[in-house]
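Everything on this sheet refers to the single structure shown next.
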Amino acid sequence: MSAEKPAEIREITEHSNLNRAPQPVKRELDRTEQTRLSSPRKVAILIPCYNEEASVAEVVKQFQAEVPAARVYVFDNNSTDETAKRAQEAGATVFYERRQGKGFVTRAMFREVDADIYVMVDGDNVFPSASVHQLMGPVMRDEADMVVGSRLHADARSEFRPLNRWGNRLVLSLLNSVFGVRLTDILSGYRVFNRKMVKGLPLFGGGFEIETELTIKAIERGYRIVEVPVNLTSRSAGQSKVSLFRDGFMIINTILALFRDYRPLTFFGTIGLTLILAAFAPGFAAILNPQYLSLFARLALAVFSVGLMLCGLLSLTVGLVLHSIARRSQELEYHLQILTDELRPDLRQRQRIHADEASAGLS
Ligand SMILES: Nc1nc2c(ncn2[C@@H]2O[C@H](COP(=O)(O)OP(=O)(O)OP(=O)(O)O)[C@@H](O)[C@H]2O)c(=O)[nH]1
Ligand SMILES: [Mg+2]
């Protein structure tokens with residue numbers, strides 16, 4: 001970490017809006033100032049838990065101490081231990097979700113909880129509560145819609161199991177190359193969101209693929225993402241709920257499915273062009289080697305070649321059609337967003353203040 005600039009400021013200038021132009025940051029708010037700022041706005045701390053009786057109370061108390069104005073919610077998911085009781089004793093409001101999985105719980109949290117700023121953190125006490133101010137800062141200053149506590153950032157000193165680190169990096173490089181972004185952590189469970197993002201993002205994942213879905217949909221809808229380095233400590237109690245192969249497969253599947261849905265022309269176009277190029281091989285073989293092949297073999301190769309060519313053209317056409325549909329639905333979403341913003345009195349009020357400040361500065 002360099003001495004001259006705090007990590008948060010550097011992250012905002014480097015990663016805000018991902019591959020768009022960096023935004024200048026005027027100054028850093030100190031910790032107390034950030035927490036004070038939260039008081040007129042409702043802050044919710046969301047903790048998804050499944051069998052975390054050993055650590056949940058500590059997490060609740062730590063976050064309550066860091067942000068006293070916040071309300072802490074624990075979302076329990078059929079825990080067979082004392083998770084709910086420990087959370088309640090520590091001062092949290094406990095909700096229950098029957099459908100098993102971190103994705104179902106995240107969706108329930110976003111649906112049920114009403115707040116302006118949402119902090120989401122794991123219940124196994126692996127994330128530093130003191131970093132919550134750095135994570136909340138960009139959202140409170142309206143410089144980000146989602147802040148991710150990046151465990152894999154160059155400035156983070158995280159304790160990872162080797163297999164976990166490897167899995168995280170694999171998924172990360174796949175997402176970065178497919179969506180053309182430069183994120184450093186997409187699976188982190190430590191995040192802060194504003195209300196617009198929590199209430200505006202349609203999520204469907206049921207399990208650990210939820211963080212991937214959140215990130216991709218945020219990128220595609222143009223939400224501003226900022227990463228802040230956080231130091232992950234290794235889990236000291238309870239059991240990991242992640243299965244490297246099952247959840248890894250679900251995460252990669254989510255990336256590819258969303259790539260197909262959001263970038264259909266690139267997805268089907270690449271498949272189409274590959275098939276068309278592949279069609280030349282049997283075609284040339286049939287034409288160039290007549291002396292070595294029987295008539296039947298040459299006919300079979302020709303049919304195979306034409307088949308590949310047709311499949312390639314079909315894939316290209318599907319890509320073009322879906323691309324137009326995706327564009328139209330993006331336009332529709334844009335209009336819906338404007339309409340929603342118009343209907344939000346708090347946003348209109350803030351815009352009016354900005355406009356007043358700007359005209360005061362001009363005069
Ligand atoms: N409510 C609910 N929470 C879950 C479920 N699965 C995991 N969680 C919670 O989500 C958080 C992250 O799960 P972890 O098992 O710690 O996964 P991880 O952080 O990727 O992996 P490790 O820390 O290495 O175990 C923890 O607070 C879990 O209790 C679930 O099915 N329901
Ligand atoms: Mg964990």
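Order determines the names: the first chain of the structure tokens is A, the second B, and so forth; residues in each chain are numbered 1 upward, and ligands are numbered 1 upward as they are shown.
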Exercise. Please, which residues have at least one atom within 12 Å of an atom of ligand 2, using only C-alpha atoms and all ligand atoms, listed as number ranges by chain?
Worked result: A: 47-52, 55-56, 102, 121-127, 151, 159-161, 164, 187-190, 208, 232-242
For this session: List the neighbours of A:Met120 out to 12 Å using only C-alpha atoms; skip same-chain residues closer than 4 positions along the sequence, and give me the result as a PyMOL selection string.
Result: chain A and resi 43-49+59-60+63+72-75+102+105-107+109-110+113+127+129+132+135-136+146-149+188-194+198+211
Exercise. Out of A:Ser243, A:Pro128, A:Arg41, A:Ala90, which residue has the shortest atom-to-atom distance to ligand 1 when counting only C-alpha atoms and all ligand atoms?
Worked result: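 Of A:Ser243, A:Pro128, A:Arg41, A:Ala90, the one nearest ligand 1, counting only C-alpha atoms and all ligand atoms, is A:Ser243.
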For this session: Looking only at alpha helix (DSSP H) from DSSP on the backbone, list the matching residues of stretch 91-258 of chain A as an NGL selection string.
Result: :A and (102-112 or 132-140 or 162-179 or 195-200 or 210-220 or 244-258)
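Using only C-alpha atoms, the nearest neighbour of A:Pro138 within the list A:Glu227, A:Asp76, A:Glu112, A:Glu333 is A:Glu227.
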